[in-house]
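Some notes on the structure that comes next.
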Amino acid sequence: MQPWFEEAKLGIFIHYGIYAVDGVSESWSFYNGRISYEEYMKQLDGFTASKFDADAWADLIEKSGAKYAVLTTKHHDGVALWDTQYSDLNVVKRTPAKRDIIKEYAEAVKKRGLRLGMYFSLIDWSHPDYPTVYEGGRVPEDLGSVNRFSSPVDGVQDEERWRKFLEFNNQQLREILTNYGKVDLLWFDGDWERSAEQWNLPAFKDYLKSFNPDLIINSRLQGHGDYKTPEQGIPITRPEGPWEFCTTINTSWGYVPTDHKYKSLNQIIRMFCDCISMGGNMLLDIGPREDGTIDKRQEDILLGLGDWIRTHEEAVFGTGEGIMTRYYLGGSTISKDRKTLYLFVYDDPKENVCLKGLCNPIKRITVLHSGKELTHEIHGGVPWFNIPGTTWIHMTREDAHEQVTVLKLEFDEELEMYGGSGAVVTHN
């Protein structure tokens with residue numbers, strides 16, 4: 001695993017495709033029968049990318065505080081955003097846009113020193129060779145429940161055509177991994193429709209890494225990925241190993257003009273703090289309009305998040321996961337040398353912030369955004385058994401940031417938290 005990923009903290013996900021023309025659910029709208037396949041594909045005629053400006057996207061991503069970006073090169077509908085030589089179903093050949101979106105995106109992202117990520121759907125509900133086998137090769141008892149875009153509806157499998165489809169995927173991925181310079185991250189989706197054996201794993205992963213041994217691959221590869229990608233629901237407990245929480249700003253991945261159910265900036269910042277408190281990243285999604293412009297509400301969220309991150313960057317970058325919530329009922333991070341603890345105060349306190357189980361004497365407490373020094377007192381504790389008391393940090397709403405406040409606690413020695421049974425716990 002490349003160290004840059006866990007140090008990045010924030011990435012921006014971009015769902016862009018023909019589904020933005022009518023503002024329908026990306027690929028799923030025809031798969032689930034909400035509209036016909038033919039009606040869905042008519043959107044090819046309306047995809048203009050007429051105001052698409054990759055540099056404007058990259059500027060926004062940089063201002064958001066993100067260190068990497070991930071763009072949908074091809075969703076489950078099979079429509080490629082680049083000039084692939086292996087299918088005519090791409091925006092260069094089949095839409096008025098006639099532009100290689102991936103090329104422009106890759107150049108703009110790299111120019112700003114951001115890490116380059118590509119989303120790729122393993123499944124392709126438009127390819128004739130895709131629905132030729134069943135998951136794990138098992139023919140379902142009820143063929144009436146089979147979706148014609150996924151698997152054969154007649155119960156007959158064709159392994160040779162499936163192998164042809166895998167070769168098609170390999171060739172498209174070779175284009176993505178070689179035509180646009182070094183790709184840092186591949187974000188797969190759709191692994192659930194076939195088994196690891198059918199995806200030809202682990203040989204498939206070896207093939208991908210042959211183009212770039214430093215390539216990071218997400219978890220949607222039937223257990224062969226490099227990091228976990230929980231979606232939409234923030235994990236209650238920390239996932240094992242490196243991880244990233246992907247989520248939308250409203251409720252949709254792509255552009256849906258009727259979706260006005262937006263998360264507030266405060267909610268987004270709190271979610272971000274929750275992720276980094278548990279040692280993870282957040283991959284926050286935007287869905288541009290078909291012309292390539294971004295809804296001002298989404299833009300404002302990214303800019304507001306970036307403002308907060310820049311004000312509190314020492315609590316974000318160069319830190320690791322924080323202390324357990326049994327010690328502090330909020331989020332936190334710890335500096336690399338473990339001599340500084342950053343507490344995220346989500347709400348305006350009445351008179352104190354409470355911290356339990358701290359073994360270290362505190363050298364100094366400051367409010368990160370203002371630099372104001374705060375006082376504290378300790379109540380209780382049983383010093384002859386080395387049981388620490390409760391630390392009460394004096395803080396009122398006048399000291400609070402308008403979004404999330406960060407308190408910086410400095411120590412002379414490495415942070416030690418009391419384990420509750422005589423043991424000292426220094427990490428989650």
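For the structure tokens, the naming scheme is as follows: chains receive sequential letters (A, B, ...) according to their order of presentation, residues are indexed from 1 within each chain, and ligands are indexed from 1 in presentation order.
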
* To do: Find the spatial neighbours of A:Ile234, counting only C-alpha atoms, within a cut-off of 10 Å - ignore same-chain residues fewer than 5 positions away - and output them as a PyMOL selection string.
  => chain A and resi 244-247+271-272+274-275+282

Those same residues, written as a PDB file, in the first residue's frame with C-alpha atoms?
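out.pdb, written as the output of this step:
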ATOM      1  CA  GLU A 244     -12.121   5.203   2.532  1.00  0.00           C
ATOM      2  CA  PHE A 245     -15.732   6.250   3.032  1.00  0.00           C
ATOM      3  CA  CYS A 246     -17.454   7.260  -0.207  1.00  0.00           C
ATOM      4  CA  THR A 247     -20.542   9.432  -0.034  1.00  0.00           C
ATOM      5  CA  MET A 271     -18.495  13.261   8.553  1.00  0.00           C
ATOM      6  CA  PHE A 272     -14.987  14.079   7.360  1.00  0.00           C
ATOM      7  CA  ASP A 274     -15.394  11.094  11.849  1.00  0.00           C
ATOM      8  CA  CYS A 275     -13.477   9.443   8.989  1.00  0.00           C
ATOM      9  CA  MET A 282     -13.440  10.473   2.779  1.00  0.00           C
TER      10      MET A 282
END

Give me the residues of stretch 257-354 of chain A that have any atom at most 6 Å from an atom of stretch 384-402 of chain A; for each, the nearest atom pair and the distance in Å, rounded to one decimal. Use only C-alpha atoms, sort by chain and number, and format it as a tab-separated table.
residue	atom	partner	partner_atom	distance
A:Asp348	CA	A:Arg397	CA	4.8
A:Pro349	CA	A:Thr396	CA	5.2
A:Lys350	CA	A:Thr396	CA	5.4
A:Glu351	CA	A:Thr396	CA	5.0
A:Asn352	CA	A:His394	CA	4.6
A:Val353	CA	A:Ile393	CA	5.0
A:Cys354	CA	A:Trp392	CA	4.9

Output file for the selection above: N, CA and C atoms, as an mmCIF file, in the first residue's frame:
data_model
loop_
_atom_site.group_PDB
_atom_site.id
_atom_site.type_symbol
_atom_site.label_atom_id
_atom_site.label_comp_id
_atom_site.auth_asym_id
_atom_site.auth_seq_id
_atom_site.Cartn_x
_atom_site.Cartn_y
_atom_site.Cartn_z
ATOM 1 N N ASP A 348 -21.438 23.565 20.373
ATOM 2 C CA ASP A 348 -20.984 24.642 21.259
ATOM 3 C C ASP A 348 -21.119 24.202 22.715
ATOM 4 N N PRO A 349 -19.997 24.163 23.464
ATOM 5 C CA PRO A 349 -20.076 23.704 24.861
ATOM 6 C C PRO A 349 -20.667 24.784 25.773
ATOM 7 N N LYS A 350 -21.283 24.335 26.872
ATOM 8 C CA LYS A 350 -21.839 25.280 27.850
ATOM 9 C C LYS A 350 -20.730 25.910 28.697
ATOM 10 N N GLU A 351 -19.837 25.044 29.246
ATOM 11 C CA GLU A 351 -18.743 25.587 30.067
ATOM 12 C C GLU A 351 -17.477 24.758 29.998
ATOM 13 N N ASN A 352 -17.593 23.491 29.599
ATOM 14 C CA ASN A 352 -16.427 22.603 29.593
ATOM 15 C C ASN A 352 -16.476 21.617 28.433
ATOM 16 N N VAL A 353 -15.284 21.099 28.118
ATOM 17 C CA VAL A 353 -15.151 19.913 27.281
ATOM 18 C C VAL A 353 -14.511 18.847 28.157
ATOM 19 N N CYS A 354 -15.081 17.646 28.144
ATOM 20 C CA CYS A 354 -14.656 16.591 29.077
ATOM 21 C C CYS A 354 -13.776 15.552 28.392
#

* Please indicate the distance in Å from atom CA of A:Asp59 to atom CA of A:Asp291, rounded to one decimal place. => 17.6 Å

Those in stretch 49-257 of chain A with strand (DSSP E) from DSSP, as a PDB file with all heavy atoms, in the first residue's frame:
ATOM      1  N   TYR A  68      -6.591  13.752  -3.917  1.00  0.00           N
ATOM      2  CA  TYR A  68      -6.756  12.871  -5.074  1.00  0.00           C
ATOM      3  C   TYR A  68      -8.174  12.996  -5.615  1.00  0.00           C
ATOM      4  O   TYR A  68      -9.073  13.517  -4.943  1.00  0.00           O
ATOM      5  CB  TYR A  68      -6.422  11.419  -4.742  1.00  0.00           C
ATOM      6  CG  TYR A  68      -7.289  10.721  -3.714  1.00  0.00           C
ATOM      7  CD1 TYR A  68      -8.199   9.728  -4.090  1.00  0.00           C
ATOM      8  CD2 TYR A  68      -7.163  11.001  -2.349  1.00  0.00           C
ATOM      9  CE1 TYR A  68      -8.968   9.055  -3.142  1.00  0.00           C
ATOM     10  CE2 TYR A  68      -7.925  10.332  -1.397  1.00  0.00           C
ATOM     11  CZ  TYR A  68      -8.825   9.362  -1.806  1.00  0.00           C
ATOM     12  OH  TYR A  68      -9.581   8.701  -0.863  1.00  0.00           O
ATOM     13  N   ALA A  69      -8.344  12.569  -6.853  1.00  0.00           N
ATOM     14  CA  ALA A  69      -9.656  12.610  -7.500  1.00  0.00           C
ATOM     15  C   ALA A  69      -9.896  11.282  -8.200  1.00  0.00           C
ATOM     16  O   ALA A  69      -8.947  10.604  -8.615  1.00  0.00           O
ATOM     17  CB  ALA A  69      -9.720  13.754  -8.506  1.00  0.00           C
ATOM     18  N   VAL A  70     -11.176  10.904  -8.331  1.00  0.00           N
ATOM     19  CA  VAL A  70     -11.554   9.655  -9.000  1.00  0.00           C
ATOM     20  C   VAL A  70     -12.721   9.973  -9.938  1.00  0.00           C
ATOM     21  O   VAL A  70     -13.771  10.447  -9.486  1.00  0.00           O
ATOM     22  CB  VAL A  70     -11.993   8.575  -7.985  1.00  0.00           C
ATOM     23  CG1 VAL A  70     -12.414   7.299  -8.712  1.00  0.00           C
ATOM     24  CG2 VAL A  70     -10.884   8.272  -6.977  1.00  0.00           C
ATOM     25  N   LEU A  71     -12.545   9.737 -11.237  1.00  0.00           N
ATOM     26  CA  LEU A  71     -13.584  10.025 -12.230  1.00  0.00           C
ATOM     27  C   LEU A  71     -14.105   8.732 -12.849  1.00  0.00           C
ATOM     28  O   LEU A  71     -13.329   7.820 -13.139  1.00  0.00           O
ATOM     29  CB  LEU A  71     -13.014  10.940 -13.330  1.00  0.00           C
ATOM     30  CG  LEU A  71     -13.897  11.199 -14.551  1.00  0.00           C
ATOM     31  CD1 LEU A  71     -15.201  11.904 -14.186  1.00  0.00           C
ATOM     32  CD2 LEU A  71     -13.141  12.017 -15.604  1.00  0.00           C
ATOM     33  N   THR A  72     -15.405   8.681 -13.082  1.00  0.00           N
ATOM     34  CA  THR A  72     -16.024   7.520 -13.742  1.00  0.00           C
ATOM     35  C   THR A  72     -15.600   7.468 -15.211  1.00  0.00           C
ATOM     36  O   THR A  72     -16.123   8.208 -16.036  1.00  0.00           O
ATOM     37  CB  THR A  72     -17.565   7.609 -13.677  1.00  0.00           C
ATOM     38  OG1 THR A  72     -17.959   8.937 -14.103  1.00  0.00           O
ATOM     39  CG2 THR A  72     -18.087   7.359 -12.289  1.00  0.00           C
ATOM     40  N   THR A  73     -14.669   6.592 -15.532  1.00  0.00           N
ATOM     41  CA  THR A  73     -14.268   6.427 -16.937  1.00  0.00           C
ATOM     42  C   THR A  73     -15.349   5.691 -17.705  1.00  0.00           C
ATOM     43  O   THR A  73     -15.560   5.926 -18.884  1.00  0.00           O
ATOM     44  CB  THR A  73     -12.953   5.637 -17.065  1.00  0.00           C
ATOM     45  OG1 THR A  73     -13.153   4.301 -16.576  1.00  0.00           O
ATOM     46  CG2 THR A  73     -11.829   6.291 -16.276  1.00  0.00           C
ATOM     47  N   LYS A  74     -16.041   4.762 -17.026  1.00  0.00           N
ATOM     48  CA  LYS A  74     -17.124   3.993 -17.645  1.00  0.00           C
ATOM     49  C   LYS A  74     -18.002   3.421 -16.541  1.00  0.00           C
ATOM     50  O   LYS A  74     -17.502   2.728 -15.654  1.00  0.00           O
ATOM     51  CB  LYS A  74     -16.555   2.857 -18.506  1.00  0.00           C
ATOM     52  CG  LYS A  74     -17.608   2.099 -19.292  1.00  0.00           C
ATOM     53  CD  LYS A  74     -17.008   1.003 -20.166  1.00  0.00           C
ATOM     54  CE  LYS A  74     -16.813  -0.282 -19.390  1.00  0.00           C
ATOM     55  NZ  LYS A  74     -16.594  -1.450 -20.273  1.00  0.00           N
ATOM     56  N   ARG A 115      -3.252  13.323  -6.945  1.00  0.00           N
ATOM     57  CA  ARG A 115      -3.153  11.918  -7.347  1.00  0.00           C
ATOM     58  C   ARG A 115      -4.316  11.569  -8.274  1.00  0.00           C
ATOM     59  O   ARG A 115      -5.459  11.972  -8.044  1.00  0.00           O
ATOM     60  CB  ARG A 115      -3.171  11.013  -6.121  1.00  0.00           C
ATOM     61  CG  ARG A 115      -1.958  11.203  -5.211  1.00  0.00           C
ATOM     62  CD  ARG A 115      -0.703  10.578  -5.804  1.00  0.00           C
ATOM     63  NE  ARG A 115       0.455  10.742  -4.932  1.00  0.00           N
ATOM     64  CZ  ARG A 115       1.598  10.089  -5.104  1.00  0.00           C
ATOM     65  NH1 ARG A 115       1.736   9.245  -6.109  1.00  0.00           N
ATOM     66  NH2 ARG A 115       2.608  10.300  -4.280  1.00  0.00           N
ATOM     67  N   LEU A 116      -4.007  10.785  -9.318  1.00  0.00           N
ATOM     68  CA  LEU A 116      -4.969  10.495 -10.382  1.00  0.00           C
ATOM     69  C   LEU A 116      -5.682   9.166 -10.140  1.00  0.00           C
ATOM     70  O   LEU A 116      -5.053   8.113 -10.092  1.00  0.00           O
ATOM     71  CB  LEU A 116      -4.235  10.459 -11.726  1.00  0.00           C
ATOM     72  CG  LEU A 116      -5.074  10.187 -12.968  1.00  0.00           C
ATOM     73  CD1 LEU A 116      -6.098  11.298 -13.196  1.00  0.00           C
ATOM     74  CD2 LEU A 116      -4.161  10.047 -14.200  1.00  0.00           C
ATOM     75  N   GLY A 117      -7.004   9.244  -9.992  1.00  0.00           N
ATOM     76  CA  GLY A 117      -7.812   8.044  -9.790  1.00  0.00           C
ATOM     77  C   GLY A 117      -8.806   7.847 -10.926  1.00  0.00           C
ATOM     78  O   GLY A 117      -9.344   8.813 -11.465  1.00  0.00           O
ATOM     79  N   MET A 118      -9.030   6.585 -11.297  1.00  0.00           N
ATOM     80  CA  MET A 118      -9.981   6.242 -12.354  1.00  0.00           C
ATOM     81  C   MET A 118     -10.975   5.201 -11.841  1.00  0.00           C
ATOM     82  O   MET A 118     -10.570   4.136 -11.365  1.00  0.00           O
ATOM     83  CB  MET A 118      -9.253   5.663 -13.575  1.00  0.00           C
ATOM     84  CG  MET A 118      -8.147   6.523 -14.144  1.00  0.00           C
ATOM     85  SD  MET A 118      -8.762   7.942 -15.066  1.00  0.00           S
ATOM     86  CE  MET A 118      -7.325   8.302 -16.100  1.00  0.00           C
ATOM     87  N   TYR A 119     -12.260   5.509 -11.942  1.00  0.00           N
ATOM     88  CA  TYR A 119     -13.321   4.538 -11.665  1.00  0.00           C
ATOM     89  C   TYR A 119     -13.558   3.736 -12.946  1.00  0.00           C
ATOM     90  O   TYR A 119     -13.598   4.309 -14.045  1.00  0.00           O
ATOM     91  CB  TYR A 119     -14.587   5.295 -11.258  1.00  0.00           C
ATOM     92  CG  TYR A 119     -15.876   4.484 -11.251  1.00  0.00           C
ATOM     93  CD1 TYR A 119     -16.518   4.170 -10.048  1.00  0.00           C
ATOM     94  CD2 TYR A 119     -16.482   4.087 -12.435  1.00  0.00           C
ATOM     95  CE1 TYR A 119     -17.719   3.465 -10.040  1.00  0.00           C
ATOM     96  CE2 TYR A 119     -17.671   3.370 -12.434  1.00  0.00           C
ATOM     97  CZ  TYR A 119     -18.287   3.062 -11.244  1.00  0.00           C
ATOM     98  OH  TYR A 119     -19.472   2.351 -11.244  1.00  0.00           O
ATOM     99  N   PHE A 120     -13.751   2.423 -12.799  1.00  0.00           N
ATOM    100  CA  PHE A 120     -14.048   1.574 -13.955  1.00  0.00           C
ATOM    101  C   PHE A 120     -15.046   0.507 -13.525  1.00  0.00           C
ATOM    102  O   PHE A 120     -14.824  -0.198 -12.542  1.00  0.00           O
ATOM    103  CB  PHE A 120     -12.768   0.917 -14.480  1.00  0.00           C
ATOM    104  CG  PHE A 120     -12.966   0.090 -15.734  1.00  0.00           C
ATOM    105  CD1 PHE A 120     -12.876   0.674 -16.991  1.00  0.00           C
ATOM    106  CD2 PHE A 120     -13.227  -1.266 -15.646  1.00  0.00           C
ATOM    107  CE1 PHE A 120     -13.050  -0.092 -18.141  1.00  0.00           C
ATOM    108  CE2 PHE A 120     -13.403  -2.052 -16.795  1.00  0.00           C
ATOM    109  CZ  PHE A 120     -13.312  -1.449 -18.046  1.00  0.00           C
ATOM    110  N   SER A 121     -16.140   0.413 -14.261  1.00  0.00           N
ATOM    111  CA  SER A 121     -17.121  -0.636 -13.962  1.00  0.00           C
ATOM    112  C   SER A 121     -16.676  -1.950 -14.590  1.00  0.00           C
ATOM    113  O   SER A 121     -16.477  -2.027 -15.809  1.00  0.00           O
ATOM    114  CB  SER A 121     -18.490  -0.247 -14.513  1.00  0.00           C
ATOM    115  OG  SER A 121     -19.378  -1.344 -14.407  1.00  0.00           O
ATOM    116  N   LEU A 185      -4.565   5.293  -8.831  1.00  0.00           N
ATOM    117  CA  LEU A 185      -5.604   4.521  -8.143  1.00  0.00           C
ATOM    118  C   LEU A 185      -6.666   4.054  -9.140  1.00  0.00           C
ATOM    119  O   LEU A 185      -7.113   4.828  -9.986  1.00  0.00           O
ATOM    120  CB  LEU A 185      -6.246   5.412  -7.065  1.00  0.00           C
ATOM    121  CG  LEU A 185      -7.241   4.801  -6.089  1.00  0.00           C
ATOM    122  CD1 LEU A 185      -7.184   5.538  -4.752  1.00  0.00           C
ATOM    123  CD2 LEU A 185      -8.675   4.884  -6.619  1.00  0.00           C
ATOM    124  N   LEU A 186      -7.036   2.785  -9.050  1.00  0.00           N
ATOM    125  CA  LEU A 186      -8.152   2.232  -9.835  1.00  0.00           C
ATOM    126  C   LEU A 186      -9.300   1.932  -8.884  1.00  0.00           C
ATOM    127  O   LEU A 186      -9.130   1.199  -7.910  1.00  0.00           O
ATOM    128  CB  LEU A 186      -7.727   0.939 -10.528  1.00  0.00           C
ATOM    129  CG  LEU A 186      -7.387   0.976 -12.018  1.00  0.00           C
ATOM    130  CD1 LEU A 186      -7.131  -0.444 -12.517  1.00  0.00           C
ATOM    131  CD2 LEU A 186      -8.461   1.637 -12.870  1.00  0.00           C
ATOM    132  N   TRP A 187     -10.458   2.495  -9.185  1.00  0.00           N
ATOM    133  CA  TRP A 187     -11.633   2.343  -8.320  1.00  0.00           C
ATOM    134  C   TRP A 187     -12.654   1.483  -9.058  1.00  0.00           C
ATOM    135  O   TRP A 187     -13.416   1.970  -9.896  1.00  0.00           O
ATOM    136  CB  TRP A 187     -12.216   3.711  -7.990  1.00  0.00           C
ATOM    137  CG  TRP A 187     -12.869   3.844  -6.649  1.00  0.00           C
ATOM    138  CD1 TRP A 187     -12.321   4.416  -5.538  1.00  0.00           C
ATOM    139  CD2 TRP A 187     -14.199   3.455  -6.265  1.00  0.00           C
ATOM    140  NE1 TRP A 187     -13.226   4.397  -4.496  1.00  0.00           N
ATOM    141  CE2 TRP A 187     -14.383   3.806  -4.919  1.00  0.00           C
ATOM    142  CE3 TRP A 187     -15.247   2.825  -6.948  1.00  0.00           C
ATOM    143  CZ2 TRP A 187     -15.568   3.561  -4.223  1.00  0.00           C
ATOM    144  CZ3 TRP A 187     -16.428   2.570  -6.261  1.00  0.00           C
ATOM    145  CH2 TRP A 187     -16.568   2.943  -4.914  1.00  0.00           C
ATOM    146  N   PHE A 188     -12.651   0.179  -8.752  1.00  0.00           N
ATOM    147  CA  PHE A 188     -13.564  -0.749  -9.431  1.00  0.00           C
ATOM    148  C   PHE A 188     -14.946  -0.731  -8.797  1.00  0.00           C
ATOM    149  O   PHE A 188     -15.113  -0.401  -7.628  1.00  0.00           O
ATOM    150  CB  PHE A 188     -13.013  -2.177  -9.391  1.00  0.00           C
ATOM    151  CG  PHE A 188     -11.915  -2.426 -10.383  1.00  0.00           C
ATOM    152  CD1 PHE A 188     -10.681  -2.892  -9.965  1.00  0.00           C
ATOM    153  CD2 PHE A 188     -12.114  -2.201 -11.734  1.00  0.00           C
ATOM    154  CE1 PHE A 188      -9.657  -3.125 -10.879  1.00  0.00           C
ATOM    155  CE2 PHE A 188     -11.110  -2.436 -12.658  1.00  0.00           C
ATOM    156  CZ  PHE A 188      -9.879  -2.896 -12.230  1.00  0.00           C
ATOM    157  N   ASP A 189     -15.924  -1.123  -9.609  1.00  0.00           N
ATOM    158  CA  ASP A 189     -17.297  -1.280  -9.148  1.00  0.00           C
ATOM    159  C   ASP A 189     -17.892  -2.444  -9.927  1.00  0.00           C
ATOM    160  O   ASP A 189     -17.489  -2.717 -11.060  1.00  0.00           O
ATOM    161  CB  ASP A 189     -18.077   0.014  -9.423  1.00  0.00           C
ATOM    162  CG  ASP A 189     -19.314   0.152  -8.557  1.00  0.00           C
ATOM    163  OD1 ASP A 189     -19.489  -0.664  -7.633  1.00  0.00           O
ATOM    164  OD2 ASP A 189     -20.093   1.087  -8.798  1.00  0.00           O
ATOM    165  N   ILE A 216      -2.773   1.526  -6.739  1.00  0.00           N
ATOM    166  CA  ILE A 216      -3.637   1.137  -5.622  1.00  0.00           C
ATOM    167  C   ILE A 216      -5.007   0.763  -6.192  1.00  0.00           C
ATOM    168  O   ILE A 216      -5.542   1.470  -7.056  1.00  0.00           O
ATOM    169  CB  ILE A 216      -3.781   2.285  -4.608  1.00  0.00           C
ATOM    170  CG1 ILE A 216      -2.440   2.591  -3.947  1.00  0.00           C
ATOM    171  CG2 ILE A 216      -4.818   1.951  -3.541  1.00  0.00           C
ATOM    172  CD1 ILE A 216      -2.457   3.828  -3.071  1.00  0.00           C
ATOM    173  N   ILE A 217      -5.571  -0.337  -5.701  1.00  0.00           N
ATOM    174  CA  ILE A 217      -6.868  -0.819  -6.207  1.00  0.00           C
ATOM    175  C   ILE A 217      -7.832  -0.957  -5.040  1.00  0.00           C
ATOM    176  O   ILE A 217      -7.488  -1.517  -3.992  1.00  0.00           O
ATOM    177  CB  ILE A 217      -6.689  -2.176  -6.929  1.00  0.00           C
ATOM    178  CG1 ILE A 217      -5.727  -2.006  -8.127  1.00  0.00           C
ATOM    179  CG2 ILE A 217      -8.030  -2.710  -7.397  1.00  0.00           C
ATOM    180  CD1 ILE A 217      -5.335  -3.295  -8.808  1.00  0.00           C
ATOM    181  N   GLU A 244     -11.621   3.941   3.063  1.00  0.00           N
ATOM    182  CA  GLU A 244     -12.121   5.203   2.532  1.00  0.00           C
ATOM    183  C   GLU A 244     -13.646   5.125   2.504  1.00  0.00           C
ATOM    184  O   GLU A 244     -14.217   4.141   2.044  1.00  0.00           O
ATOM    185  CB  GLU A 244     -11.551   5.355   1.120  1.00  0.00           C
ATOM    186  CG  GLU A 244     -12.242   6.310   0.187  1.00  0.00           C
ATOM    187  CD  GLU A 244     -11.923   5.961  -1.255  1.00  0.00           C
ATOM    188  OE1 GLU A 244     -12.625   5.104  -1.841  1.00  0.00           O
ATOM    189  OE2 GLU A 244     -10.960   6.533  -1.789  1.00  0.00           O
ATOM    190  N   PHE A 245     -14.265   6.161   3.010  1.00  0.00           N
ATOM    191  CA  PHE A 245     -15.732   6.250   3.032  1.00  0.00           C
ATOM    192  C   PHE A 245     -16.191   7.083   1.842  1.00  0.00           C
ATOM    193  O   PHE A 245     -15.811   8.246   1.709  1.00  0.00           O
ATOM    194  CB  PHE A 245     -16.180   6.902   4.348  1.00  0.00           C
ATOM    195  CG  PHE A 245     -17.621   7.327   4.380  1.00  0.00           C
ATOM    196  CD1 PHE A 245     -18.633   6.396   4.251  1.00  0.00           C
ATOM    197  CD2 PHE A 245     -17.967   8.663   4.553  1.00  0.00           C
ATOM    198  CE1 PHE A 245     -19.972   6.777   4.295  1.00  0.00           C
ATOM    199  CE2 PHE A 245     -19.298   9.062   4.599  1.00  0.00           C
ATOM    200  CZ  PHE A 245     -20.307   8.112   4.468  1.00  0.00           C
ATOM    201  N   CYS A 246     -16.971   6.480   0.938  1.00  0.00           N
ATOM    202  CA  CYS A 246     -17.454   7.260  -0.207  1.00  0.00           C
ATOM    203  C   CYS A 246     -18.909   7.660   0.018  1.00  0.00           C
ATOM    204  O   CYS A 246     -19.723   6.860   0.478  1.00  0.00           O
ATOM    205  CB  CYS A 246     -17.279   6.506  -1.521  1.00  0.00           C
ATOM    206  SG  CYS A 246     -18.140   4.937  -1.679  1.00  0.00           S
ATOM    207  N   THR A 247     -19.195   8.922  -0.304  1.00  0.00           N
ATOM    208  CA  THR A 247     -20.542   9.432  -0.034  1.00  0.00           C
ATOM    209  C   THR A 247     -20.889  10.557  -0.999  1.00  0.00           C
ATOM    210  O   THR A 247     -20.011  11.160  -1.626  1.00  0.00           O
ATOM    211  CB  THR A 247     -20.657   9.919   1.425  1.00  0.00           C
ATOM    212  OG1 THR A 247     -22.031  10.185   1.725  1.00  0.00           O
ATOM    213  CG2 THR A 247     -19.849  11.185   1.671  1.00  0.00           C
ATOM    214  N   THR A 248     -22.184  10.838  -1.085  1.00  0.00           N
ATOM    215  CA  THR A 248     -22.696  11.882  -1.960  1.00  0.00           C
ATOM    216  C   THR A 248     -22.972  13.155  -1.164  1.00  0.00           C
ATOM    217  O   THR A 248     -23.144  13.106   0.048  1.00  0.00           O
ATOM    218  CB  THR A 248     -24.008  11.417  -2.610  1.00  0.00           C
ATOM    219  OG1 THR A 248     -24.889  10.928  -1.583  1.00  0.00           O
ATOM    220  CG2 THR A 248     -23.766  10.281  -3.588  1.00  0.00           C
TER     221      THR A 248
END

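Closest approach to A:Ile286 among A:Ser64, A:Ser151, A:Ser210, A:Gln172: A:Ser64, based on only C-alpha atoms.
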
* **Selection: 12 Å around A:Glu141, only C-alpha atoms, excl. self and same-chain fewer than 3 positions, as a PyMOL selection string** => chain A and resi 134+138+144-146+153-155

* Between atom CA of A:Phe411 and atom CA of A:Gly280 - distance in Å to one decimal ->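 Calculated distance between atom CA of A:Gly280 and atom CA of A:Phe411 is 24.7 Å.
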
* Asked: Which neighbours of stretch 45-49 of chain A fall inside 12 Å, counting only C-alpha atoms, when residues of the same chain fewer than 2 positions from it are skipped, and could you give them as a VMD selection string?
  -> chain A and resid 16 to 23 38 to 43 51 to 54 79 81 90 to 101 104 288 to 294

* To do: Could you jot down the atom CA of A:Leu166 to atom CA of A:Pro202 separation for me, Å, one decimal place?
  =>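 Between these atoms lies a distance of 13.6 Å.
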
* Run DSSP on the backbone of this structure and report the residues of stretch 91-338 of chain A it assigns to helix (DSSP H, G or I), as a PyMOL selection string. => chain A and resi 91-94+101-111+135-137+143-145+159-178+191-193+203-209+265-277+296-311+313-316

* To do: Can you pull out every residue within 7 Å of stretch 356-369 of chain A, counting only C-alpha atoms, but drop anything in the same chain fewer than 5 positions away, and send it as a list in words?
  =>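 Residues near the query, excluding close chain neighbours: Thr311, His312, Tyr327, Tyr328, Leu374, Pro388, Gly389, Thr390, Thr391, Val406, Leu407, Lys408, Leu409, Glu410, Phe411, Asp412, Leu415, Glu416, Met417 and Tyr418 of chain A.
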
* Pick out the residues sitting within 10 Å of A:Pro242, and hand them over as a PyMOL selection string; count only C-alpha atoms, and ignore anything fewer than 2 positions along from it in its own chain. => chain A and resi 1+5-6+218+226-229+238-240+244+279-281

* Nearest to A:Gly419, chosen from A:Ile176, A:Val183, A:Leu302, A:Met324, with only C-alpha atoms counted in the distances ->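 When distances to A:Gly419 are compared using only C-alpha atoms, the smallest one comes from A:Met324.
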
* **Best match for closeness to A:Glu159 among A:Ile249, A:Leu173, A:Val133, A:Leu122, counting only C-alpha atoms** =>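 Of the candidates, the smallest distance to A:Glu159 is held by A:Val133.
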
* Asked: So, counting only C-alpha atoms, which residue among A:Arg112, A:Lys372, A:Arg270, A:Lys182 is closest to A:Asn212?
  -> A:Lys182

* Asked: Near A:Tyr262, counting only C-alpha atoms, which residues have an atom at most 10 Å away, once you skip same-chain residues fewer than 5 positions from it, shown as a count of residues only?
  -> 10
